[in-house]
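Asker: Submitted below is the structure of interest, expressed as structure tokens.
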Amino acid sequence: MLLELKHVSKTYEIGDTVIRALDEISLGVAEKEFVAIMGPSGSGKSTFLQVASMLAEPSSGEIFLSGQEVSSYNEIQRAHLRNKQIGFVFQSFNLLARTSALENVMLPLFYAGYGADSSEAREKAKVMLERVGLGNRLNNTPAQLSGGQQQRVAIARALINDPTIIFADEPTGNLDSKSGEDIKQILRELNQEGKTIIMVTHEDDVAAIAKRQIVFRDGKVLSDSAVHHKSSTTSKAKKQKGRS
Amino acid sequence: MTVASVAKLAFKSIMLNKSRSFLTMLGVIIGVGSVVLLTSIGTGLQAYVTDQFASLGSNILYVVPGNPFGENGGFGGEQAMIESTRPILKRSYFNQVLRNNRDLIKDGTVTAINVAEAKYGKETKKVTLYSIMSSYETVYSSPAEKGRWFTDAEEEKAERVVLLGKKIAEELFGQVDPVNKRVLLNGQGYTVLGVLGEKGGGFGGPSFDNYVYMPLETSFKYFDTELVDSFIFEVRDKEQIKESTLAIEKTMSKYLDEDEFTVFDQTQLLTTINSILGMLTVGLGGIAAISLVVGGIGIMNIMLVAVTERTREIGLRKALGATPNLILLQFLIEAALLSVLGGLIGLLIAYLGSLALQPYFPAKVTLEAVILAFGVSTVVGLVFGVAPARRAAKLSPIEALRYE
Ligand SMILES: Nc1ncnc2c1ncn2[C@@H]1O[C@H](COP(=O)(O)OP(=O)(O)O)[C@@H](O)[C@H]1O
Ligand SMILES: [Mg+2]
């Protein structure tokens, strides 16, 4: 298992009330899987993604990444893990304002040890932006880009350190259907190239590009099943073999 | 990751949000600028007055009624006012002091002060009448720049003649040469004998250049008063100022009680005036300190307004792999750059301001003020620049990203 959660819970305390956003979740994700997390609003999808991606700490339980127990990591180890192993795509893009697409994509490289003006970093970021189809928008700031373009910058940023897993929380949630299609296409290609992707969505057509769907309800896993469409009626293991 | 590379990042961040950076700096600019400029006014004043006194010479002794240095005293203090309304010093005492101490005292003059309305042509001015003896010219080294001084004979005969201070001459006569013209004082005609050279002195207060100088006997005769303001003595030898003081006191005490008069020299006067000016500098320093606080609050405000945006930025940086220390380092460098740059601009403004004041005012920028202002505002800038970052760096990335 690439990623494994064991009895992971996350509670939020607001005044006297305790909200159990994740309730004893145990599940595993294998390399090269493409998982869609679904479920009604408030069921704990985002919380799951944040905890699994080291953006938030679990209240209890253990998380393993490539067999390493990472839930006990300290602040600095978690930062390095987020930088090197994890790529995150947010619903609201979260790009640095007034900063060019190129510099936004370079940011994780800086924290990976490249100099602030490293030409190597610049070149890498440029290649990554070309890959998401923004080779002609390198110097545009977020305000000068459409929503779909901004999300593509965010994907380039998530990919720049060649992470082990990509997490995406409703990546098409803020986009029109045309831009949404572009993003779906990019994610599909990434998975075909071998990237592991875990994506939250509540749209069926977006979930359909994944090969496994996990449905959440009240912080628990309601169902966990392979997606059945056109070419994918066989088992997950077989599919992955065919792909690589 | 080197500090230099984080510094580059910090510099980029400053340039990215120029208006926020400028407003942050503005607090420091105001703080440093006002502190340095205001204290430069205070210290400049002090230096100027000290210089003025030094240039007047130190072989002069004054005798005044009451005790201006005493507890109730103080120049312009209540006690001094009461004392001065009743004639204490008499011309005969002055003559006696001169007669008894020829060996020590070279010369002297009695002074009396009156107020009058001076008129020439259409110009009318309230003026201070400074009544003296002709010896004033040498005792106080005040030669006539135009015309001449009155003679002993003119003084004894109480002739209606005056000399004018440089400024009052200009104000009353404009371009006209006042010498031998007639000026009206309280309606009576006086002949202007001469105009004195510029003396300076007196910020806003009376200045020697604003006085109308009149023979003592003339003022006794026509101004209906024998109120003597002071005696001024010129000591033969500067080294003998102490002995002369004692000698004058000895003669005077034949006529007056010890506490009815005071003999003092300029060093004593200078000390008092300097202590007053010292208070003034402290007062201005207080005002400056308030501006520093105001500047500090300005910095704080901008930082607080920026906190939401910056907290989210910190959340994002953490999500992308920034460690808390790196974030703190970046914010520390940003705050330091802004504080130091703002401080330098503030200093430049204060310096230019003091230069602009020079023609009117002897402002003087001091190193102490520079260090104090720079130090305090830099610390305020650093503390308030880094405090929000410290807090945000402790949050989990997602908490920081969601900060409202
Ligand atoms: N930061 C938070 N503080 C308090 N409660 C939270 C917080 N984040 C999420 N929750 C609560 O946890 C539950 C799960 O939220 P979330 O994971 O965002 O759901 P979903 O993404 O499925 O809509 C909800 O009841 C939500 O109100
Ligand atoms: Mg959500």
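The way I read the labels, and the way they are meant: chains A, B, ... in the order of the structure tokens, residue 1 as the first residue of every chain, and ligand 1 as the first ligand shown, with later ones counted on from there.
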Show me, as a tab-separated table, the residues of chain B having an atom within 8 Å of chain A, each with the closest atom pair and its distance in Å, using only C-alpha atoms.

Answerer:
residue	atom	partner	partner_atom	distance
B:Met1	CA	A:Gly113	CA	5.4
B:Ser5	CA	A:Ala116	CA	5.6
B:Val6	CA	A:Ala116	CA	7.3
B:Lys8	CA	A:Ala116	CA	6.4
B:Leu9	CA	A:Ala116	CA	6.2
B:Leu16	CA	A:Arg98	CA	6.2
B:Asn17	CA	A:Arg98	CA	7.8
B:Glu313	CA	A:Leu96	CA	7.0
B:Leu316	CA	A:Asn94	CA	7.0
B:Arg317	CA	A:Leu107	CA	7.9
B:Lys318	CA	A:Ala79	CA	6.7
B:Ala319	CA	A:Leu55	CA	6.3
B:Leu320	CA	A:Asn83	CA	5.3
B:Gly321	CA	A:Asn83	CA	4.0
B:Ala322	CA	A:Tyr111	CA	5.7
B:Thr323	CA	A:Ala79	CA	5.7
B:Pro324	CA	A:Ile76	CA	7.7
B:Ser396	CA	A:Ala56	CA	6.0
B:Pro397	CA	A:Leu55	CA	5.5
B:Ile398	CA	A:Leu55	CA	5.8

Asker: Write the residues of the preceding selection, restricted to N, CA and C atoms, as a PDB file, in the first residue's frame.

Answerer:
ATOM      1  N   MET B   1      19.195  25.979   2.365  1.00  0.00           N
ATOM      2  CA  MET B   1      18.586  27.270   1.993  1.00  0.00           C
ATOM      3  C   MET B   1      19.318  28.402   2.720  1.00  0.00           C
ATOM      4  N   SER B   5      19.160  33.773   0.151  1.00  0.00           N
ATOM      5  CA  SER B   5      18.094  33.382  -0.761  1.00  0.00           C
ATOM      6  C   SER B   5      16.721  33.680  -0.162  1.00  0.00           C
ATOM      7  N   VAL B   6      16.594  33.553   1.177  1.00  0.00           N
ATOM      8  CA  VAL B   6      15.335  33.955   1.820  1.00  0.00           C
ATOM      9  C   VAL B   6      15.173  35.476   1.725  1.00  0.00           C
ATOM     10  N   LYS B   8      16.136  37.348  -0.668  1.00  0.00           N
ATOM     11  CA  LYS B   8      15.641  37.636  -2.023  1.00  0.00           C
ATOM     12  C   LYS B   8      14.132  37.467  -2.078  1.00  0.00           C
ATOM     13  N   LEU B   9      13.688  36.395  -1.443  1.00  0.00           N
ATOM     14  CA  LEU B   9      12.254  36.110  -1.396  1.00  0.00           C
ATOM     15  C   LEU B   9      11.523  37.245  -0.672  1.00  0.00           C
ATOM     16  N   LEU B  16       6.114  43.071  -4.302  1.00  0.00           N
ATOM     17  CA  LEU B  16       4.835  42.597  -4.836  1.00  0.00           C
ATOM     18  C   LEU B  16       3.670  43.442  -4.357  1.00  0.00           C
ATOM     19  N   ASN B  17       3.768  43.922  -3.120  1.00  0.00           N
ATOM     20  CA  ASN B  17       2.657  44.699  -2.583  1.00  0.00           C
ATOM     21  C   ASN B  17       3.184  46.059  -2.154  1.00  0.00           C
ATOM     22  N   GLU B 313      -1.341  33.496   3.185  1.00  0.00           N
ATOM     23  CA  GLU B 313      -0.109  33.275   2.436  1.00  0.00           C
ATOM     24  C   GLU B 313       0.792  32.289   3.182  1.00  0.00           C
ATOM     25  N   LEU B 316      -0.463  28.815   2.784  1.00  0.00           N
ATOM     26  CA  LEU B 316      -0.105  28.257   1.480  1.00  0.00           C
ATOM     27  C   LEU B 316       1.364  27.838   1.456  1.00  0.00           C
ATOM     28  N   ARG B 317       2.223  28.733   1.976  1.00  0.00           N
ATOM     29  CA  ARG B 317       3.655  28.411   1.974  1.00  0.00           C
ATOM     30  C   ARG B 317       3.919  27.144   2.788  1.00  0.00           C
ATOM     31  N   LYS B 318       3.202  27.020   3.914  1.00  0.00           N
ATOM     32  CA  LYS B 318       3.381  25.818   4.723  1.00  0.00           C
ATOM     33  C   LYS B 318       2.884  24.589   3.968  1.00  0.00           C
ATOM     34  N   ALA B 319       1.746  24.723   3.287  1.00  0.00           N
ATOM     35  CA  ALA B 319       1.197  23.597   2.541  1.00  0.00           C
ATOM     36  C   ALA B 319       2.188  23.135   1.476  1.00  0.00           C
ATOM     37  N   LEU B 320       2.962  24.091   0.952  1.00  0.00           N
ATOM     38  CA  LEU B 320       3.905  23.752  -0.110  1.00  0.00           C
ATOM     39  C   LEU B 320       5.259  23.323   0.428  1.00  0.00           C
ATOM     40  N   GLY B 321       5.379  23.292   1.764  1.00  0.00           N
ATOM     41  CA  GLY B 321       6.598  22.722   2.321  1.00  0.00           C
ATOM     42  C   GLY B 321       7.498  23.666   3.092  1.00  0.00           C
ATOM     43  N   ALA B 322       7.018  24.897   3.388  1.00  0.00           N
ATOM     44  CA  ALA B 322       7.846  25.821   4.166  1.00  0.00           C
ATOM     45  C   ALA B 322       7.843  25.388   5.627  1.00  0.00           C
ATOM     46  N   THR B 323       9.012  25.388   6.262  1.00  0.00           N
ATOM     47  CA  THR B 323       9.069  25.111   7.695  1.00  0.00           C
ATOM     48  C   THR B 323       8.797  26.416   8.448  1.00  0.00           C
ATOM     49  N   PRO B 324       8.325  26.304   9.709  1.00  0.00           N
ATOM     50  CA  PRO B 324       8.026  27.525  10.479  1.00  0.00           C
ATOM     51  C   PRO B 324       9.211  28.484  10.542  1.00  0.00           C
ATOM     52  N   SER B 396      -1.791  25.028  11.759  1.00  0.00           N
ATOM     53  CA  SER B 396      -1.603  24.026  10.720  1.00  0.00           C
ATOM     54  C   SER B 396      -1.871  24.715   9.389  1.00  0.00           C
ATOM     55  N   PRO B 397      -1.327  24.195   8.287  1.00  0.00           N
ATOM     56  CA  PRO B 397      -1.508  24.873   6.998  1.00  0.00           C
ATOM     57  C   PRO B 397      -2.977  25.152   6.703  1.00  0.00           C
ATOM     58  N   ILE B 398      -3.822  24.191   7.024  1.00  0.00           N
ATOM     59  CA  ILE B 398      -5.226  24.343   6.642  1.00  0.00           C
ATOM     60  C   ILE B 398      -5.916  25.403   7.498  1.00  0.00           C
TER      61      ILE B 398
END

Asker: What do you get as an MDAnalysis selection string if you pick all residues at most 7 Å from ligand 2, counting only C-alpha atoms and all ligand atoms?

Answerer: chainID A and resid 41:42 45:46 169

Asker: Quick check for you: according to DSSP on this backbone, which residues of region 172-314 of chain B are classed as strand (DSSP E or B)? Reply as a PyMOL selection string.

Answerer: chain B and resi 182-185+188-196+211-215+230-235+261-265

Asker: Convert the current residue selection to file output with N, CA and C atoms, as a compact mmCIF listing (two decimals), in the first residue's frame.

Answerer:
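Generated output (again-v6.txt):
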# COMPACT_ATOMS: atom_id res chain seq x y z
N ARG B 182 12.55 113.05 13.19
CA ARG B 182 11.86 113.11 14.47
C ARG B 182 10.84 111.99 14.57
N VAL B 183 10.92 111.25 15.68
CA VAL B 183 9.96 110.18 15.90
C VAL B 183 9.12 110.58 17.11
N LEU B 184 7.80 110.25 17.07
CA LEU B 184 6.92 110.59 18.19
C LEU B 184 6.86 109.42 19.16
N LEU B 185 7.13 109.70 20.44
CA LEU B 185 6.98 108.67 21.47
C LEU B 185 5.90 109.17 22.42
N GLN B 188 5.14 112.79 21.90
CA GLN B 188 6.15 113.83 21.99
C GLN B 188 7.27 113.55 21.01
N GLY B 189 7.83 114.62 20.44
CA GLY B 189 8.86 114.47 19.43
C GLY B 189 10.24 114.21 20.02
N TYR B 190 10.97 113.25 19.40
CA TYR B 190 12.35 112.95 19.78
C TYR B 190 13.19 112.89 18.52
N THR B 191 14.43 113.36 18.62
CA THR B 191 15.32 113.29 17.46
C THR B 191 16.08 111.97 17.47
N VAL B 192 16.08 111.29 16.32
CA VAL B 192 16.83 110.05 16.21
C VAL B 192 18.29 110.40 15.93
N LEU B 193 19.18 109.99 16.87
CA LEU B 193 20.60 110.29 16.70
C LEU B 193 21.30 109.24 15.86
N GLY B 194 20.84 107.99 16.00
CA GLY B 194 21.54 106.93 15.28
C GLY B 194 20.78 105.61 15.33
N VAL B 195 21.32 104.64 14.59
CA VAL B 195 20.76 103.29 14.56
C VAL B 195 21.87 102.34 14.99
N LEU B 196 21.54 101.40 15.91
CA LEU B 196 22.55 100.46 16.39
C LEU B 196 22.71 99.29 15.44
N TYR B 211 14.44 97.47 20.43
CA TYR B 211 14.37 98.50 21.45
C TYR B 211 14.57 99.90 20.88
N VAL B 212 13.96 100.86 21.59
CA VAL B 212 14.29 102.27 21.37
C VAL B 212 15.16 102.68 22.56
N TYR B 213 16.37 103.16 22.29
CA TYR B 213 17.33 103.49 23.36
C TYR B 213 17.27 104.97 23.67
N MET B 214 17.20 105.30 24.97
CA MET B 214 16.96 106.69 25.38
C MET B 214 17.86 107.02 26.57
N PRO B 215 18.35 108.25 26.67
CA PRO B 215 19.14 108.62 27.85
C PRO B 215 18.30 108.46 29.11
N SER B 230 17.83 97.59 36.18
CA SER B 230 19.05 96.89 36.60
C SER B 230 20.24 97.84 36.52
N PHE B 231 21.34 97.43 37.15
CA PHE B 231 22.63 98.06 36.92
C PHE B 231 23.45 97.07 36.13
N ILE B 232 24.22 97.61 35.18
CA ILE B 232 25.16 96.73 34.48
C ILE B 232 26.55 97.30 34.70
N PHE B 233 27.48 96.44 35.17
CA PHE B 233 28.85 96.90 35.39
C PHE B 233 29.81 96.13 34.50
N GLU B 234 30.81 96.89 34.01
CA GLU B 234 31.86 96.25 33.24
C GLU B 234 33.08 96.11 34.15
N VAL B 235 33.49 94.89 34.39
CA VAL B 235 34.62 94.63 35.27
C VAL B 235 35.92 94.80 34.47
N PHE B 261 18.18 92.44 46.59
CA PHE B 261 18.87 92.57 45.31
C PHE B 261 19.75 91.35 45.06
N THR B 262 20.14 91.19 43.81
CA THR B 262 21.04 90.09 43.46
C THR B 262 22.09 90.60 42.49
N VAL B 263 23.33 90.18 42.72
CA VAL B 263 24.41 90.49 41.78
C VAL B 263 24.77 89.17 41.09
N PHE B 264 24.77 89.18 39.78
CA PHE B 264 25.14 87.93 39.09
C PHE B 264 25.86 88.22 37.79
N ASP B 265 26.59 87.19 37.32
CA ASP B 265 27.26 87.34 36.03
C ASP B 265 26.56 86.46 35.00

Asker: Could I get the residue neighbourhood of ligand 1 at 7 Å, counting only C-alpha atoms and all ligand atoms, as a PyMOL selection string?

Answerer: (chain A and resi 12-14+19-21+39-48+219) or (chain B and resi 399)

Asker: Could you tell me how far CA of Leu5 (chain A) sits from CA of Glu62 (chain A), in Å to one decimal place?

Answerer: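 Answer for the CA of Glu62 (chain A) to CA of Leu5 (chain A) separation: 5.9 Å.
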
Asker: Among region 201-375 of chain B, which ones does DSSP place in helix (DSSP H, G or I), written as an MDAnalysis selection string?

Answerer: chainID B and resid 208:210 216:222 238:252 258:260 266:319 324:357 367:375

Asker: Would you mind reading off the distance between CA of Glu258 (chain B) and CA of Ile105 (chain B), one decimal, in Å?

Answerer: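 Atom-to-atom, CA of Glu258 (chain B) and CA of Ile105 (chain B) are spaced 21.0 Å apart.
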
Asker: Check which residues of region 20-102 of chain A sit at most 7 Å from region 201-204 of chain A using only C-alpha atoms, and return one row each with the closest pair of atoms and their distance in Å to one decimal, ordered by chain and rising number, as a Markdown table.

Answerer:
| residue | atom | partner | partner_atom | distance |
| --- | --- | --- | --- | --- |
| A:Ala36 | CA | A:Thr201 | CA | 6.7 |
| A:Ile37 | CA | A:Thr201 | CA | 6.2 |
| A:Met38 | CA | A:His202 | CA | 5.5 |
| A:Gly39 | CA | A:His202 | CA | 6.6 |

Asker: Could the residues in this selection be written to a file with N, CA and C atoms, as a PDB file, in the first residue's frame?

Answerer:
ATOM      1  N   ALA A  36     -11.816   8.510  -6.365  1.00  0.00           N
ATOM      2  CA  ALA A  36     -12.737   9.633  -6.189  1.00  0.00           C
ATOM      3  C   ALA A  36     -13.416   9.483  -4.837  1.00  0.00           C
ATOM      4  N   ILE A  37     -13.373  10.570  -4.037  1.00  0.00           N
ATOM      5  CA  ILE A  37     -14.062  10.562  -2.750  1.00  0.00           C
ATOM      6  C   ILE A  37     -15.365  11.311  -2.945  1.00  0.00           C
ATOM      7  N   MET A  38     -16.489  10.651  -2.606  1.00  0.00           N
ATOM      8  CA  MET A  38     -17.789  11.281  -2.807  1.00  0.00           C
ATOM      9  C   MET A  38     -18.571  11.292  -1.506  1.00  0.00           C
ATOM     10  N   GLY A  39     -19.750  11.868  -1.564  1.00  0.00           N
ATOM     11  CA  GLY A  39     -20.574  11.904  -0.368  1.00  0.00           C
ATOM     12  C   GLY A  39     -21.197  13.272  -0.197  1.00  0.00           C
TER      13      GLY A  39
END

Asker: Quick one: distance from CA of Val380 (chain B) to CA of Thr308 (chain B) in Å, one decimal?

Answerer: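 For CA of Val380 (chain B) relative to CA of Thr308 (chain B), the distance reads 20.0 Å.
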
Asker: Counting only C-alpha atoms, figure out which residue out of A:Thr164, A:Asn174, A:Ser179, A:Ser71 gets nearest to Thr196 (chain A).

Answerer: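 Looking at the shortest contact to Thr196 (chain A), the residue is A:Thr164.
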
Asker: Could you tell me which of B:Ile241, B:Leu352, B:Leu382, B:Leu347 comes closest to Leu329 (chain B) if we count only C-alpha atoms?

Answerer: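 Ranking B:Ile241, B:Leu352, B:Leu382, B:Leu347 by distance to Leu329 (chain B), first place goes to B:Leu382.
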
Asker: List the spatial neighbours of Ile197 (chain A) as a PyMOL selection string - criterion: any atom at most 12 Å away, only C-alpha atoms, same-chain residues fewer than 2 positions off excluded.

Answerer: chain A and resi 2-3+29-37+49+53+86-89+155+158-159+163-169+171+184+186-195+199-200+207+209-213
